file my_file-v3.cif (mmCIF, C-alpha atoms)
data_entry
#
loop_
_atom_site.group_PDB
_atom_site.id
_atom_site.type_symbol
_atom_site.label_atom_id
_atom_site.label_comp_id
_atom_site.auth_asym_id
_atom_site.auth_seq_id
_atom_site.Cartn_x
_atom_site.Cartn_y
_atom_site.Cartn_z
ATOM 1 C CA MET A 1 -10.969 -22.205 16.475
ATOM 2 C CA SER A 2 -13.526 -19.480 16.980
ATOM 3 C CA LYS A 3 -13.857 -15.848 16.201
ATOM 4 C CA ALA A 4 -15.275 -13.059 18.366
ATOM 5 C CA LEU A 5 -17.519 -10.715 16.423
ATOM 6 C CA LEU A 6 -19.320 -7.537 17.430
ATOM 7 C CA PRO A 7 -22.669 -6.984 15.698
ATOM 8 C CA LEU A 8 -23.515 -3.370 14.976
ATOM 9 C CA ARG A 9 -26.383 -1.728 13.173
ATOM 10 C CA ARG A 10 -26.244 1.208 10.838
ATOM 11 C CA ALA A 11 -29.161 2.433 8.726
ATOM 12 C CA GLY A 12 -31.140 -0.599 9.821
ATOM 13 C CA GLN A 13 -28.480 -2.990 8.486
ATOM 14 C CA TRP A 14 -26.745 -5.359 10.860
ATOM 15 C CA MET A 15 -23.117 -6.199 10.198
ATOM 16 C CA VAL A 16 -20.253 -7.516 12.275
ATOM 17 C CA VAL A 17 -16.687 -6.448 12.906
ATOM 18 C CA GLU A 18 -13.968 -8.472 14.551
ATOM 19 C CA ALA A 19 -14.137 -7.811 18.277
ATOM 20 C CA GLU A 20 -10.373 -7.781 18.618
ATOM 21 C CA GLN A 21 -10.338 -4.615 16.499
ATOM 22 C CA VAL A 22 -12.722 -2.824 18.867
ATOM 23 C CA GLN A 23 -11.064 -0.422 21.300
ATOM 24 C CA ASP A 24 -14.071 1.204 22.894
ATOM 25 C CA ILE A 25 -17.805 1.705 22.583
ATOM 26 C CA LEU A 26 -18.950 5.240 23.299
ATOM 27 C CA GLY A 27 -22.402 6.614 23.911
ATOM 28 C CA VAL A 28 -23.767 9.666 22.188
ATOM 29 C CA VAL A 29 -20.928 11.866 20.959
ATOM 30 C CA THR A 30 -21.397 14.720 18.543
ATOM 31 C CA TRP A 31 -18.807 14.504 15.827
ATOM 32 C CA VAL A 32 -17.450 17.549 14.067
ATOM 33 C CA PRO A 33 -17.552 17.636 10.271
ATOM 34 C CA ILE A 34 -14.304 18.613 8.568
ATOM 35 C CA PRO A 35 -14.851 20.513 5.310
ATOM 36 C CA GLY A 36 -12.755 18.993 2.564
ATOM 37 C CA ALA A 37 -12.377 15.635 4.274
ATOM 38 C CA PRO A 38 -12.982 12.453 2.276
ATOM 39 C CA SER A 39 -16.623 11.398 2.265
ATOM 40 C CA ALA A 40 -15.774 8.145 4.023
ATOM 41 C CA LEU A 41 -13.961 10.011 6.807
ATOM 42 C CA PRO A 42 -16.142 13.090 7.102
ATOM 43 C CA GLY A 43 -15.212 14.351 10.540
ATOM 44 C CA VAL A 44 -13.608 13.829 13.910
ATOM 45 C CA LEU A 45 -14.533 13.298 17.506
ATOM 46 C CA PRO A 46 -12.462 13.517 20.667
ATOM 47 C CA TRP A 47 -11.374 10.237 22.219
ATOM 48 C CA ARG A 48 -8.872 9.700 25.026
ATOM 49 C CA GLY A 49 -7.195 13.057 24.567
ATOM 50 C CA ARG A 50 -6.911 13.018 20.813
ATOM 51 C CA ALA A 51 -9.024 13.543 17.749
ATOM 52 C CA ILE A 52 -9.905 10.470 15.749
ATOM 53 C CA ALA A 53 -11.589 10.289 12.384
ATOM 54 C CA VAL A 54 -15.196 9.243 11.998
ATOM 55 C CA LEU A 55 -15.697 6.385 9.566
ATOM 56 C CA ASP A 56 -18.894 6.640 7.564
ATOM 57 C CA VAL A 57 -19.574 3.023 6.710
ATOM 58 C CA GLY A 58 -22.358 4.098 4.379
ATOM 59 C CA ALA A 59 -20.116 6.274 2.263
ATOM 60 C CA ALA A 60 -17.212 3.831 2.475
ATOM 61 C CA THR A 61 -19.178 0.813 1.317
ATOM 62 C CA GLY A 62 -21.822 2.478 -0.799
ATOM 63 C CA ALA A 63 -24.376 0.307 0.948
ATOM 64 C CA PHE A 64 -26.525 3.034 2.425
ATOM 65 C CA ALA A 65 -26.903 6.761 2.897
ATOM 66 C CA ALA A 66 -24.058 8.850 4.214
ATOM 67 C CA LEU A 67 -24.039 10.096 7.795
ATOM 68 C CA ALA A 68 -25.839 13.319 8.503
ATOM 69 C CA ALA A 69 -23.697 15.944 10.173
ATOM 70 C CA ASN A 70 -24.949 17.181 13.525
ATOM 71 C CA ALA A 71 -26.937 13.991 14.022
ATOM 72 C CA PRO A 72 -25.133 12.171 16.809
ATOM 73 C CA ALA A 73 -25.390 8.399 16.787
ATOM 74 C CA ALA A 74 -26.536 6.373 19.769
ATOM 75 C CA ARG A 75 -23.257 4.483 19.817
ATOM 76 C CA ASN A 76 -19.786 5.136 18.465
ATOM 77 C CA VAL A 77 -17.620 2.075 18.068
ATOM 78 C CA VAL A 78 -13.913 2.903 18.196
ATOM 79 C CA VAL A 79 -11.889 0.442 16.148
ATOM 80 C CA HIS A 80 -8.243 0.070 15.225
ATOM 81 C CA ALA A 81 -7.101 -1.588 12.022
ATOM 82 C CA ALA A 82 -4.439 -0.927 9.413
ATOM 83 C CA ASN A 83 -2.692 1.278 11.953
ATOM 84 C CA VAL A 84 -5.624 3.664 11.964
ATOM 85 C CA THR A 85 -8.071 4.364 14.780
ATOM 86 C CA VAL A 86 -11.524 5.536 13.800
ATOM 87 C CA ALA A 87 -14.973 5.815 15.329
ATOM 88 C CA ILE A 88 -17.957 4.224 13.606
ATOM 89 C CA PRO A 89 -21.258 5.929 14.477
ATOM 90 C CA VAL A 90 -24.004 3.301 14.683
ATOM 91 C CA GLU A 91 -27.520 2.943 15.933
ATOM 92 C CA ALA A 92 -26.967 -0.099 18.104
ATOM 93 C CA VAL A 93 -24.556 -2.832 19.051
ATOM 94 C CA GLN A 94 -25.139 -6.308 20.432
ATOM 95 C CA GLU A 95 -23.019 -8.336 22.778
ATOM 96 C CA VAL A 96 -19.951 -9.968 21.287
ATOM 97 C CA GLN A 97 -20.744 -13.234 19.538
ATOM 98 C CA GLN A 98 -18.355 -16.154 19.625
ATOM 99 C CA VAL A 99 -18.686 -18.101 16.394
ATOM 100 C CA SER A 100 -16.710 -20.974 14.968
ATOM 101 C CA ASP A 101 -14.475 -20.283 12.016
ATOM 102 C CA ASP A 102 -16.685 -22.610 9.976
ATOM 103 C CA ALA A 103 -19.624 -20.289 10.523
ATOM 104 C CA VAL A 104 -17.878 -17.516 8.634
ATOM 105 C CA THR A 105 -18.527 -18.154 4.969
ATOM 106 C CA PRO A 106 -17.822 -16.373 1.709
ATOM 107 C CA ARG A 107 -20.499 -13.791 1.089
ATOM 108 C CA GLN A 108 -23.632 -14.917 -0.613
ATOM 109 C CA LEU A 109 -26.284 -12.439 0.407
ATOM 110 C CA THR A 110 -24.440 -9.170 0.790
ATOM 111 C CA THR A 111 -23.096 -6.903 -1.889
ATOM 112 C CA MET A 112 -21.429 -4.462 0.477
ATOM 113 C CA GLN A 113 -17.935 -3.440 -0.495
ATOM 114 C CA HIS A 114 -15.197 -4.587 1.853
ATOM 115 C CA CYS A 115 -17.378 -7.465 3.032
ATOM 116 C CA SER A 116 -16.126 -10.631 1.401
ATOM 117 C CA ARG A 117 -17.495 -12.880 4.143
ATOM 118 C CA GLU A 118 -20.653 -13.161 6.149
ATOM 119 C CA VAL A 119 -21.919 -14.971 9.202
ATOM 120 C CA GLN A 120 -25.239 -15.965 10.726
ATOM 121 C CA VAL A 121 -25.840 -14.416 14.127
ATOM 122 C CA GLN A 122 -28.954 -15.722 15.858
ATOM 123 C CA GLY A 123 -30.320 -16.656 12.471
ATOM 124 C CA VAL A 124 -29.643 -13.293 10.898
ATOM 125 C CA PRO A 125 -27.079 -13.151 8.076
ATOM 126 C CA MET A 126 -24.630 -10.337 8.658
ATOM 127 C CA PRO A 127 -21.784 -9.170 6.452
ATOM 128 C CA LEU A 128 -18.362 -9.192 8.084
ATOM 129 C CA LEU A 129 -16.826 -5.795 7.525
ATOM 130 C CA ASP A 130 -13.153 -6.133 6.631
ATOM 131 C CA LEU A 131 -11.905 -3.050 8.449
ATOM 132 C CA GLY A 132 -8.272 -3.683 7.562
ATOM 133 C CA ALA A 133 -8.984 -3.655 3.847
ATOM 134 C CA LEU A 134 -11.429 -0.788 4.111
ATOM 135 C CA LEU A 135 -9.135 1.484 6.093
ATOM 136 C CA SER A 136 -6.115 0.538 3.999
ATOM 137 C CA SER A 137 -8.030 1.579 0.910
ATOM 138 C CA LEU A 138 -8.930 4.888 2.497
ATOM 139 C CA VAL A 139 -5.533 5.871 3.811
ATOM 140 C CA GLY A 140 -3.324 4.093 1.319
ATOM 141 C CA ARG A 141 -1.438 2.021 3.833
ATOM 142 C CA GLY A 142 -0.801 -1.659 4.042
ATOM 143 C CA GLU A 143 -2.290 -3.418 7.023
ATOM 144 C CA GLY A 144 1.121 -4.167 8.436
ATOM 145 C CA ALA A 145 2.521 -0.737 7.701
ATOM 146 C CA MET B 1 -3.126 41.123 19.352
ATOM 147 C CA VAL B 2 -1.732 39.776 22.568
ATOM 148 C CA ALA B 3 1.629 38.074 22.310
ATOM 149 C CA THR B 4 1.085 34.391 22.892
ATOM 150 C CA PRO B 5 2.932 31.144 22.598
ATOM 151 C CA GLY B 6 2.803 30.001 18.999
ATOM 152 C CA PRO B 7 1.703 26.704 17.559
ATOM 153 C CA GLY B 8 3.514 23.803 19.138
ATOM 154 C CA ALA B 9 4.208 25.585 22.393
ATOM 155 C CA ALA B 10 3.532 23.602 25.559
ATOM 156 C CA GLY B 11 1.650 26.314 27.429
ATOM 157 C CA PRO B 12 -1.848 27.634 26.956
ATOM 158 C CA ARG B 13 -2.603 28.972 23.496
ATOM 159 C CA THR B 14 -4.577 32.104 22.870
ATOM 160 C CA LEU B 15 -6.993 31.485 20.053
ATOM 161 C CA ALA B 16 -9.221 33.872 18.192
ATOM 162 C CA VAL B 17 -12.521 32.052 17.772
ATOM 163 C CA VAL B 18 -14.909 33.050 15.040
ATOM 164 C CA GLN B 19 -18.542 32.230 15.751
ATOM 165 C CA GLU B 20 -19.922 31.281 12.379
ATOM 166 C CA ASP B 21 -22.075 28.351 11.289
ATOM 167 C CA LEU B 22 -18.926 26.306 11.552
ATOM 168 C CA PRO B 23 -17.025 27.686 14.553
ATOM 169 C CA TRP B 24 -13.392 28.054 13.693
ATOM 170 C CA ALA B 25 -10.331 29.419 15.410
ATOM 171 C CA VAL B 26 -6.862 30.580 14.651
ATOM 172 C CA ASP B 27 -3.812 31.119 16.794
ATOM 173 C CA ALA B 28 -3.991 34.718 17.963
ATOM 174 C CA ALA B 29 -0.295 35.064 17.184
ATOM 175 C CA GLN B 30 -1.131 34.603 13.520
ATOM 176 C CA VAL B 31 -3.747 37.348 13.476
ATOM 177 C CA LEU B 32 -2.309 40.537 12.044
ATOM 178 C CA ARG B 33 -5.423 42.696 12.171
ATOM 179 C CA VAL B 34 -9.173 42.598 12.482
ATOM 180 C CA VAL B 35 -10.670 45.681 10.920
ATOM 181 C CA SER B 36 -13.970 46.973 9.698
ATOM 182 C CA ARG B 37 -14.675 46.024 6.109
ATOM 183 C CA ALA B 38 -15.055 49.726 5.341
ATOM 184 C CA LEU B 39 -11.567 50.454 6.614
ATOM 185 C CA TRP B 40 -9.877 47.482 4.948
ATOM 186 C CA ASP B 41 -7.545 48.721 2.244
ATOM 187 C CA GLY B 42 -5.881 45.480 1.226
ATOM 188 C CA GLU B 43 -6.776 42.991 -1.437
ATOM 189 C CA THR B 44 -10.314 41.683 -1.657
ATOM 190 C CA PRO B 45 -10.854 39.347 1.301
ATOM 191 C CA ARG B 46 -11.619 35.690 0.766
ATOM 192 C CA SER B 47 -14.791 34.064 1.887
ATOM 193 C CA LEU B 48 -14.033 31.095 4.118
ATOM 194 C CA SER B 49 -16.988 29.265 2.603
ATOM 195 C CA GLU B 50 -15.390 29.696 -0.784
ATOM 196 C CA LEU B 51 -12.067 28.350 0.461
ATOM 197 C CA LEU B 52 -13.871 25.387 1.967
ATOM 198 C CA GLY B 53 -15.681 24.701 -1.248
ATOM 199 C CA LEU B 54 -19.029 25.088 0.516
ATOM 200 C CA SER B 55 -20.315 27.803 -1.746
ATOM 201 C CA PRO B 56 -18.956 30.189 -4.331
ATOM 202 C CA ALA B 57 -18.173 33.635 -3.023
ATOM 203 C CA THR B 58 -20.354 36.421 -4.279
ATOM 204 C CA SER B 59 -19.734 40.116 -4.211
ATOM 205 C CA GLY B 60 -22.807 40.442 -2.007
ATOM 206 C CA ASP B 61 -21.475 37.831 0.386
ATOM 207 C CA LEU B 62 -18.217 39.720 0.766
ATOM 208 C CA ALA B 63 -19.894 43.109 0.940
ATOM 209 C CA VAL B 64 -22.057 42.199 3.923
ATOM 210 C CA ALA B 65 -19.131 40.833 5.918
ATOM 211 C CA PRO B 66 -18.687 43.503 8.606
ATOM 212 C CA ARG B 67 -15.022 42.802 9.270
ATOM 213 C CA VAL B 68 -11.860 41.463 7.723
ATOM 214 C CA MET B 69 -9.306 39.300 9.503
ATOM 215 C CA ALA B 70 -5.786 39.387 8.125
ATOM 216 C CA LEU B 71 -3.731 36.320 8.923
ATOM 217 C CA ARG B 72 -0.026 35.695 8.638
ATOM 218 C CA ALA B 73 0.676 32.651 6.480
ATOM 219 C CA ALA B 74 4.460 32.253 6.266
ATOM 220 C CA GLU B 75 5.502 35.012 3.879
ATOM 221 C CA ALA B 76 1.982 35.718 2.735
ATOM 222 C CA VAL B 77 -1.091 37.373 4.182
ATOM 223 C CA VAL B 78 -4.541 35.811 3.943
ATOM 224 C CA ALA B 79 -7.472 38.188 4.288
ATOM 225 C CA LEU B 80 -10.753 36.576 5.298
ATOM 226 C CA ALA B 81 -14.177 38.150 5.312
ATOM 227 C CA LEU B 82 -15.674 37.760 8.768
ATOM 228 C CA HIS B 83 -19.384 37.261 9.264
ATOM 229 C CA GLY B 84 -19.369 36.134 12.871
ATOM 230 C CA ASP B 85 -18.193 37.551 16.144
ATOM 231 C CA VAL B 86 -14.622 37.069 17.259
ATOM 232 C CA THR B 87 -13.857 36.029 20.820
ATOM 233 C CA VAL B 88 -10.657 35.049 22.561
ATOM 234 C CA TRP B 89 -10.204 31.601 24.062
ATOM 235 C CA GLU B 90 -7.333 30.499 26.244
ATOM 236 C CA ALA B 91 -6.906 26.895 25.255
ATOM 237 C CA ALA B 92 -5.038 24.465 27.456
ATOM 238 C CA PRO B 93 -2.716 22.139 25.537
ATOM 239 C CA ALA B 94 -5.106 19.256 26.192
ATOM 240 C CA ASP B 95 -7.912 21.208 24.524
ATOM 241 C CA VAL B 96 -6.180 21.378 21.149
ATOM 242 C CA LEU B 97 -6.302 17.990 19.483
ATOM 243 C CA PRO B 98 -4.374 17.683 16.217
ATOM 244 C CA LEU B 99 -6.352 16.171 13.376
ATOM 245 C CA PRO B 100 -5.407 12.587 12.575
ATOM 246 C CA ALA B 101 -2.967 12.088 9.717
ATOM 247 C CA GLU B 102 -5.608 10.572 7.473
ATOM 248 C CA LEU B 103 -7.436 13.900 7.440
ATOM 249 C CA CYS B 104 -4.380 16.037 6.793
ATOM 250 C CA THR B 105 -4.899 16.238 3.059
ATOM 251 C CA ASP B 106 -4.451 19.107 0.646
ATOM 252 C CA ALA B 107 -8.199 19.650 0.714
ATOM 253 C CA VAL B 108 -8.333 20.240 4.480
ATOM 254 C CA ILE B 109 -7.255 23.666 5.717
ATOM 255 C CA PHE B 110 -7.702 22.914 9.415
ATOM 256 C CA SER B 111 -5.088 21.368 11.662
ATOM 257 C CA ALA B 112 -6.786 20.632 14.975
ATOM 258 C CA LEU B 113 -9.998 20.278 16.900
ATOM 259 C CA CYS B 114 -10.312 22.799 19.723
ATOM 260 C CA LEU B 115 -12.429 21.769 22.680
ATOM 261 C CA ARG B 116 -14.090 24.680 24.469
ATOM 262 C CA GLY B 117 -15.818 23.258 27.484
ATOM 263 C CA SER B 118 -19.569 23.259 26.984
ATOM 264 C CA ALA B 119 -19.334 25.395 23.849
ATOM 265 C CA PRO B 120 -19.270 23.667 20.483
ATOM 266 C CA PRO B 121 -15.754 22.649 19.422
ATOM 267 C CA ALA B 122 -13.994 24.849 16.899
ATOM 268 C CA LEU B 123 -11.702 23.834 14.089
ATOM 269 C CA LEU B 124 -8.256 25.397 14.137
ATOM 270 C CA LEU B 125 -7.477 27.056 10.833
ATOM 271 C CA ASP B 126 -3.992 26.672 9.414
ATOM 272 C CA PRO B 127 -3.365 29.931 7.531
ATOM 273 C CA GLU B 128 -0.601 28.403 5.411
ATOM 274 C CA ARG B 129 -2.873 25.618 4.220
ATOM 275 C CA ALA B 130 -5.576 28.173 3.560
ATOM 276 C CA ALA B 131 -3.170 30.268 1.528
ATOM 277 C CA ARG B 132 -2.034 27.247 -0.483
ATOM 278 C CA ARG B 133 -5.590 26.196 -1.162
ATOM 279 C CA ALA B 134 -6.541 29.702 -2.186
ATOM 280 C CA ALA B 135 -3.626 29.907 -4.567
ATOM 281 C CA ARG B 136 -4.260 26.448 -6.003
ATOM 282 C CA GLU B 137 -7.999 26.328 -6.386
ATOM 283 C CA HIS B 138 -9.171 29.896 -6.387
ATOM 284 C CA PRO B 139 -6.480 31.960 -8.087
ATOM 285 C CA ARG B 140 -7.391 35.571 -8.222
ATOM 286 C CA SER B 141 -8.471 36.782 -11.601
ATOM 287 C CA GLY B 142 -8.253 40.499 -11.578
ATOM 288 C CA LEU B 143 -9.763 40.937 -8.137
#

call {"tool": "encode", "arguments": {"input": "my_file-v3.cif", "output": "structure tokens"}}
result
Amino acid sequence: MSKALLPLRRAGQWMVVEAEQVQDILGVVTWVPIPGAPSALPGVLPWRGRAIAVLDVGAATGAFAALAANAPAARNVVVHAANVTVAIPVEAVQEVQQVSDDAVTPRQLTTMQHCSREVQVQGVPMPLLDLGALLSSLVGRGEGA
Amino acid sequence: MVATPGPGAAGPRTLAVVQEDLPWAVDAAQVLRVVSRALWDGETPRSLSELLGLSPATSGDLAVAPRVMALRAAEAVVALALHGDVTVWEAAPADVLPLPAELCTDAVIFSALCLRGSAPPALLLDPERAARRAAREHPRSGL
């Protein structure tokens, strides 16, 4: 069995998300900060006729600096997990990587929260962001809710 | 103000848009009055920044606000100090995007994102949420 993973880069850090959770990849979109919103979900952007929350992976994982408001990202990866759709502003994405299940190992090099596994992509170790767990923790819902 | 369809109506919505650092809007049907600060005879208006937790309100901040907007919030009235200009925007239903459920918390006093063509989007203020937040976090103390 294999797994399809989408590498994305934020604050110079490459990580991967499961490609099946990716709904769309947008270009530059200015997101709107929402005063009072949780730091991990600091704003919204319009997508397919509705407003979706912006997920700040930096704030959510504590791995790097929070997003700067009014600084649109080069790419916005729209993902759906735990019954929540959010956009992840990132600097870059790569093409989807097909890796064998064996290549996904328990984390050894990363300390990012919500990344219990990692994978080597073209020789580069990348944490696998567990979006289901992350979003469930943010919105207080079970993944199957 | 002009009589308009209220929140939830299917037709276009008339919004009063306030051009401040953070553009925000409110359903025109919920606007009771916009008056000069000098003519305002109600209770001391709130600073939106204060309600948003962005900065504490100061007497100077409120004094320089040229106008006051009084909003209907269920049985209550919320008076906000206005620093920016107020314009009217006819928003098509597709231009008013409700905020996702995960952002509808007690700390958020907005209910939707309003798209305005090439102009920066505005956040739609929910006067009832604003009133609840004001009562909860910034109770008046002899103002």

call {"tool": "interface_residues", "arguments": {"input": "my_file-v3.cif", "of": "chain B", "to": "chain A", "cutoff": "7 Å", "atoms": "only C-alpha atoms", "output": "CSV table (one decimal) with C-alpha atoms, in the coordinates of the input"}}
result
chain,number,residue,atom,x,y,z
B,52,LEU,CA,-13.9,25.4,2.0
B,94,ALA,CA,-5.1,19.3,26.2
B,97,LEU,CA,-6.3,18.0,19.5
B,98,PRO,CA,-4.4,17.7,16.2
B,99,LEU,CA,-6.4,16.2,13.4
B,100,PRO,CA,-5.4,12.6,12.6
B,102,GLU,CA,-5.6,10.6,7.5
B,103,LEU,CA,-7.4,13.9,7.4
B,107,ALA,CA,-8.2,19.6,0.7
B,108,VAL,CA,-8.3,20.2,4.5
B,113,LEU,CA,-10.0,20.3,16.9

call {"tool": "resolve_selection", "arguments": {"input": "my_file-v3.cif", "expression": "the PyMOL selection byres ((chain A and resi 116) around 7)", "output": "short mmCIF file (atom, residue, chain, number, x, y, z; two decimals) with C-alpha atoms, keeping the file's coordinate frame"}}
result
data_model
loop_
_atom_site.label_atom_id
_atom_site.label_comp_id
_atom_site.auth_asym_id
_atom_site.auth_seq_id
_atom_site.Cartn_x
_atom_site.Cartn_y
_atom_site.Cartn_z
CA PRO A 106 -17.82 -16.37 1.71
CA ARG A 107 -20.50 -13.79 1.09
CA HIS A 114 -15.20 -4.59 1.85
CA CYS A 115 -17.38 -7.46 3.03
CA ARG A 117 -17.50 -12.88 4.14
#

call {"tool": "closest_residue", "arguments": {"input": "my_file-v3.cif", "among": "A:Val93, A:Leu128, A:Leu55, A:Ala40", "to": "A:Thr110", "atoms": "all atoms listed in the file"}}
result
A:Leu128

call {"tool": "resolve_selection", "arguments": {"input": "my_file-v3.cif", "expression": "the PyMOL selection byres ((chain A and resi 81) around 8)", "output": "PyMOL selection string"}}
result
chain A and resi 21+79-80+82-85+131-132+135+143

call {"tool": "atom_distance", "arguments": {"input": "my_file-v3.cif", "atom1": "atom CA of B:Ala112", "atom2": "atom CA of B:Leu124"}}
result
5.1 Å

call {"tool": "atom_distance", "arguments": {"input": "my_file-v3.cif", "atom1": "atom CA of A:Ser2", "atom2": "atom CA of A:Val54"}}
result
29.2 Å

call {"tool": "resolve_selection", "arguments": {"input": "my_file-v3.cif", "expression": "the PyMOL selection byres ((chain B and resi 131) around 10)", "output": "JSON, numbers by chain"}}
result
{"B": [51, 71, 72, 73, 74, 76, 77, 78, 79, 109, 126, 127, 128, 129, 130, 132, 133, 134, 135, 136, 138]}

call {"tool": "atom_distance", "arguments": {"input": "my_file-v3.cif", "atom1": "atom CA of A:Ala11", "atom2": "atom CA of B:Phe110"}}
result
29.7 Å
